[in-house]
Amino acid sequence: MDEVLPGLLHWPTFHDGIGQVVHSHLHVASGAIFDPRLPEGGVAGLEHAGIPSVVLLSNRHHLRHSAEVAEAFGCPIRCHEAGLHEFEGDEAPQVEGFAWGDEVAAGVRAVELGVLCPEETVFHIDAGPGVLLFADAVVRWEGELAFVPDDLLGDDPEAIKAGIKEHLGRIAQDEEFDALLFAHGEPMPTGGREALQAFAAG
């Protein structure tokens, strides 16, 4: 694990299911853990870093090791209410819903992005100068902000990209932040506002 900002931890792990490295984060002050895969050392590794009190999914596809974390620490799993259909059925983990604008943990607020999927959430985290955490709508590839490949963007990739950029422009204008975190990509501790504004306008 490394500390992106004081009290904000990040770790990469290899996800066999998609054949890529993915990224998880923990906001120590609130106990919010985002899109978690277990770090090196497993559950003990999380205990060493800080006890999770809530698992937050940036979209319904990022369950990852959430069930293991929830069982180990007795904490809820939460996803935007538009994605709860993914977790129906007796074999599915119990997942609670939240709405746009909700404070989903102390100092963590759910910001609407949608477009790519109805529940696509940006989390605003009250750490340092302010942080935004992204699911799949924006990734960081070789140091630059990017979209996922077109074949993952649906039937009309250009329309999806345009919709994402429109929402990102609004978010960049309305939110206070300078750092960016990604479910797919290395963190950007500084310069995030300028990078997001340029990406939205590009």
# chains A, B, ... in the order shown; residues from 1 in each chain; ligands from 1
$ residues_around --residues "segment 117-121 of chain A" --least-positions-apart "6" --cutoff "10 Å" --atoms "only C-alpha atoms" --output "list in words"
Leu56, Leu57, Ser58, Asn59, Arg60, His61, Cys79, His80, Glu81, Ala82, Gly83, Leu84, Phe98, Ala99, Trp100, Arg109, Ala110, Val111, Leu133, Phe134, Ala135, Asp136, Ala137, Leu153, Gly154 and Ile160 of chain A
$ residues_around --residues "Asp150 of chain A" --least-positions-apart "6" --cutoff "10 Å" --atoms "only C-alpha atoms" --output "PyMOL selection string"
chain A and resi 156-158+160-161
$ residues_around --residues "Val22 of chain A" --least-positions-apart "4" --cutoff "6 Å" --atoms "only C-alpha atoms" --output "ChimeraX atom specification"
/A:12-13,184
$ write_last_selection --atoms "C-alpha atoms" --output "mmCIF file, in the first residue's frame"
data_model
loop_
_atom_site.group_PDB
_atom_site.id
_atom_site.type_symbol
_atom_site.label_atom_id
_atom_site.label_comp_id
_atom_site.auth_asym_id
_atom_site.auth_seq_id
_atom_site.Cartn_x
_atom_site.Cartn_y
_atom_site.Cartn_z
ATOM 1 C CA PRO A 12 -2.885 -2.302 -7.015
ATOM 2 C CA THR A 13 -3.668 -5.995 -7.463
ATOM 3 C CA HIS A 184 -8.212 1.467 -13.400
#
$ select_by_dssp --residues "segment 35-143 of chain A" --states "strand (DSSP E or B)" --output "PyMOL selection string"
chain A and resi 54-56+77-80+95-98+103-105+108-112+121-125+131-134+139-141
$ write_last_selection --atoms "C-alpha atoms" --output "short mmCIF file (atom, residue, chain, number, x, y, z; two decimals), in the first residue's frame"
data_model
loop_
_atom_site.label_atom_id
_atom_site.label_comp_id
_atom_site.auth_asym_id
_atom_site.auth_seq_id
_atom_site.Cartn_x
_atom_site.Cartn_y
_atom_site.Cartn_z
CA VAL A 54 -18.22 0.55 4.75
CA VAL A 55 -17.51 -0.88 1.29
CA LEU A 56 -18.34 1.57 -1.52
CA ILE A 77 -21.58 -2.94 1.00
CA ARG A 78 -23.14 0.05 -0.77
CA CYS A 79 -23.76 0.82 -4.46
CA HIS A 80 -25.90 3.44 -6.16
CA VAL A 95 -25.81 -4.63 -0.98
CA GLU A 96 -27.46 -1.40 0.20
CA GLY A 97 -28.37 1.49 -2.08
CA PHE A 98 -27.53 5.16 -1.98
CA GLU A 103 -22.90 11.41 2.21
CA VAL A 104 -22.12 7.70 2.00
CA ALA A 105 -19.41 7.85 4.67
CA VAL A 108 -17.43 10.98 1.24
CA ARG A 109 -20.21 12.08 -1.14
CA ALA A 110 -21.75 10.33 -4.15
CA VAL A 111 -21.62 12.47 -7.33
CA GLU A 112 -23.62 11.56 -10.42
CA THR A 121 -20.56 7.04 -9.48
CA VAL A 122 -17.82 9.54 -8.80
CA PHE A 123 -16.96 9.75 -5.11
CA HIS A 124 -15.85 13.10 -3.72
CA ILE A 125 -13.55 12.47 -0.78
CA VAL A 131 -10.30 14.06 -4.25
CA LEU A 132 -12.46 12.54 -6.98
CA LEU A 133 -12.56 8.76 -7.42
CA PHE A 134 -13.66 7.30 -10.78
CA VAL A 139 -9.15 5.55 -16.61
CA ARG A 140 -5.49 6.53 -16.45
CA TRP A 141 -3.32 4.89 -19.08
#
$ closest_residue --among "A:Ala172, A:Gly107, A:Cys75, A:His62" --to "Gly17 of chain A" --atoms "only C-alpha atoms"
A:His62
$ select_by_dssp --residues "chain A" --states "alpha helix (DSSP H)" --output "CSV table (one decimal) with N, CA and C atoms, in the first residue's frame"
chain,number,residue,atom,x,y,z
A,42,GLY,N,-3.8,-10.0,2.7
A,42,GLY,CA,-5.2,-10.3,2.8
A,42,GLY,C,-5.9,-9.4,3.9
A,43,VAL,N,-6.8,-10.0,4.6
A,43,VAL,CA,-7.6,-9.3,5.7
A,43,VAL,C,-6.6,-8.7,6.7
A,44,ALA,N,-5.6,-9.4,7.0
A,44,ALA,CA,-4.6,-8.8,8.0
A,44,ALA,C,-4.0,-7.5,7.5
A,45,GLY,N,-3.8,-7.5,6.1
A,45,GLY,CA,-3.2,-6.2,5.5
A,45,GLY,C,-4.1,-5.1,5.7
A,46,LEU,N,-5.4,-5.3,5.7
A,46,LEU,CA,-6.4,-4.2,5.9
A,46,LEU,C,-6.4,-3.8,7.3
A,47,GLU,N,-6.4,-4.8,8.2
A,47,GLU,CA,-6.4,-4.5,9.7
A,47,GLU,C,-5.2,-3.6,10.0
A,48,HIS,N,-4.1,-3.8,9.4
A,48,HIS,CA,-2.9,-3.0,9.7
A,48,HIS,C,-3.1,-1.6,9.2
A,49,ALA,N,-3.8,-1.4,8.1
A,49,ALA,CA,-3.9,-0.1,7.5
A,49,ALA,C,-5.0,0.7,8.1
A,66,SER,N,-15.4,-7.5,-2.2
A,66,SER,CA,-16.3,-6.8,-1.2
A,66,SER,C,-16.9,-7.8,-0.2
A,67,ALA,N,-17.4,-8.9,-0.7
A,67,ALA,CA,-18.1,-9.8,0.2
A,67,ALA,C,-17.1,-10.3,1.3
A,68,GLU,N,-15.9,-10.6,0.9
A,68,GLU,CA,-14.9,-11.0,1.9
A,68,GLU,C,-14.6,-9.9,2.9
A,69,VAL,N,-14.5,-8.7,2.5
A,69,VAL,CA,-14.2,-7.6,3.4
A,69,VAL,C,-15.4,-7.4,4.3
A,70,ALA,N,-16.6,-7.4,3.7
A,70,ALA,CA,-17.8,-7.2,4.6
A,70,ALA,C,-17.9,-8.3,5.6
A,71,GLU,N,-17.6,-9.5,5.3
A,71,GLU,CA,-17.7,-10.6,6.3
A,71,GLU,C,-16.7,-10.5,7.3
A,72,ALA,N,-15.5,-10.1,6.9
A,72,ALA,CA,-14.4,-10.0,7.9
A,72,ALA,C,-14.6,-8.9,8.9
A,73,PHE,N,-15.1,-7.8,8.5
A,73,PHE,CA,-15.2,-6.6,9.3
A,73,PHE,C,-16.6,-6.2,9.7
A,157,PRO,N,-20.1,4.3,-29.3
A,157,PRO,CA,-19.0,4.8,-28.4
A,157,PRO,C,-18.8,6.3,-28.5
A,158,GLU,N,-19.0,6.9,-29.6
A,158,GLU,CA,-18.7,8.4,-29.7
A,158,GLU,C,-19.8,9.1,-28.9
A,159,ALA,N,-21.0,8.7,-28.9
A,159,ALA,CA,-22.1,9.3,-28.2
A,159,ALA,C,-21.8,9.2,-26.7
A,160,ILE,N,-21.4,8.0,-26.3
A,160,ILE,CA,-21.0,7.7,-24.9
A,160,ILE,C,-19.9,8.6,-24.4
A,161,LYS,N,-18.9,8.7,-25.2
A,161,LYS,CA,-17.7,9.6,-24.9
A,161,LYS,C,-18.2,11.1,-24.8
A,162,ALA,N,-19.0,11.5,-25.7
A,162,ALA,CA,-19.5,12.9,-25.6
A,162,ALA,C,-20.3,13.1,-24.3
A,163,GLY,N,-21.2,12.1,-24.0
A,163,GLY,CA,-21.9,12.3,-22.7
A,163,GLY,C,-21.1,12.3,-21.5
A,164,ILE,N,-20.1,11.4,-21.5
A,164,ILE,CA,-19.1,11.4,-20.3
A,164,ILE,C,-18.4,12.8,-20.2
A,165,LYS,N,-17.9,13.3,-21.3
A,165,LYS,CA,-17.2,14.6,-21.3
A,165,LYS,C,-18.1,15.7,-20.8
A,166,GLU,N,-19.4,15.7,-21.2
A,166,GLU,CA,-20.3,16.7,-20.7
A,166,GLU,C,-20.4,16.6,-19.2
A,167,HIS,N,-20.6,15.4,-18.7
A,167,HIS,CA,-20.7,15.3,-17.2
A,167,HIS,C,-19.4,15.6,-16.5
A,168,LEU,N,-18.3,15.3,-17.1
A,168,LEU,CA,-17.0,15.6,-16.5
A,168,LEU,C,-16.8,17.1,-16.4
A,169,GLY,N,-17.2,17.8,-17.5
A,169,GLY,CA,-17.0,19.2,-17.5
A,169,GLY,C,-17.8,19.9,-16.3
A,170,ARG,N,-19.0,19.4,-16.1
A,170,ARG,CA,-19.9,19.9,-15.0
A,170,ARG,C,-19.2,19.6,-13.7
A,171,ILE,N,-18.8,18.3,-13.5
A,171,ILE,CA,-18.1,17.9,-12.2
A,171,ILE,C,-16.9,18.8,-12.0
A,172,ALA,N,-16.1,19.0,-13.0
A,172,ALA,CA,-14.8,19.8,-12.8
A,172,ALA,C,-15.2,21.2,-12.4
A,173,GLN,N,-16.3,21.7,-12.9
A,173,GLN,CA,-16.7,23.1,-12.5
A,173,GLN,C,-17.3,23.2,-11.1
A,174,ASP,N,-18.1,22.1,-10.7
A,174,ASP,CA,-18.8,22.2,-9.5
A,174,ASP,C,-18.1,21.8,-8.3
A,192,GLY,N,-5.1,17.3,-10.7
A,192,GLY,CA,-6.2,16.6,-11.2
A,192,GLY,C,-7.3,17.5,-11.9
A,193,ARG,N,-7.5,18.7,-11.3
A,193,ARG,CA,-8.5,19.6,-11.8
A,193,ARG,C,-8.1,20.0,-13.3
A,194,GLU,N,-6.9,20.4,-13.5
A,194,GLU,CA,-6.5,20.8,-14.8
A,194,GLU,C,-6.6,19.7,-15.8
A,195,ALA,N,-6.1,18.5,-15.3
A,195,ALA,CA,-6.2,17.3,-16.2
A,195,ALA,C,-7.6,16.9,-16.6
A,196,LEU,N,-8.5,17.0,-15.6
A,196,LEU,CA,-9.9,16.6,-15.9
A,196,LEU,C,-10.6,17.7,-16.8
A,197,GLN,N,-10.3,18.9,-16.6
A,197,GLN,CA,-10.9,20.0,-17.4
A,197,GLN,C,-10.4,19.8,-18.9
A,198,ALA,N,-9.1,19.5,-19.1
A,198,ALA,CA,-8.5,19.4,-20.4
A,198,ALA,C,-9.1,18.1,-21.1
A,199,PHE,N,-9.3,17.1,-20.3
A,199,PHE,CA,-9.9,15.8,-20.9
A,199,PHE,C,-11.3,16.1,-21.3
A,200,ALA,N,-12.1,16.8,-20.5
A,200,ALA,CA,-13.5,17.0,-20.8
A,200,ALA,C,-13.6,17.9,-22.0
A,201,ALA,N,-12.7,18.8,-22.2
A,201,ALA,CA,-12.8,19.8,-23.3
A,201,ALA,C,-12.1,19.2,-24.6
$ residues_around --residues "His25 of chain A" --least-positions-apart "5" --cutoff "10 Å" --atoms "only C-alpha atoms" --output "PyMOL selection string"
chain A and resi 1-4+8-12+32-37+56+133+181-183+187
$ atom_distance --atom1 "atom CA of Glu142 of chain A" --atom2 "atom CA of Gly185 of chain A"
8.4 Å
$ atom_distance --atom1 "atom CA of His15 of chain A" --atom2 "atom CA of Met188 of chain A"
21.3 Å
$ atom_distance --atom1 "atom CA of Gly31 of chain A" --atom2 "atom CA of Leu116 of chain A"
27.6 Å
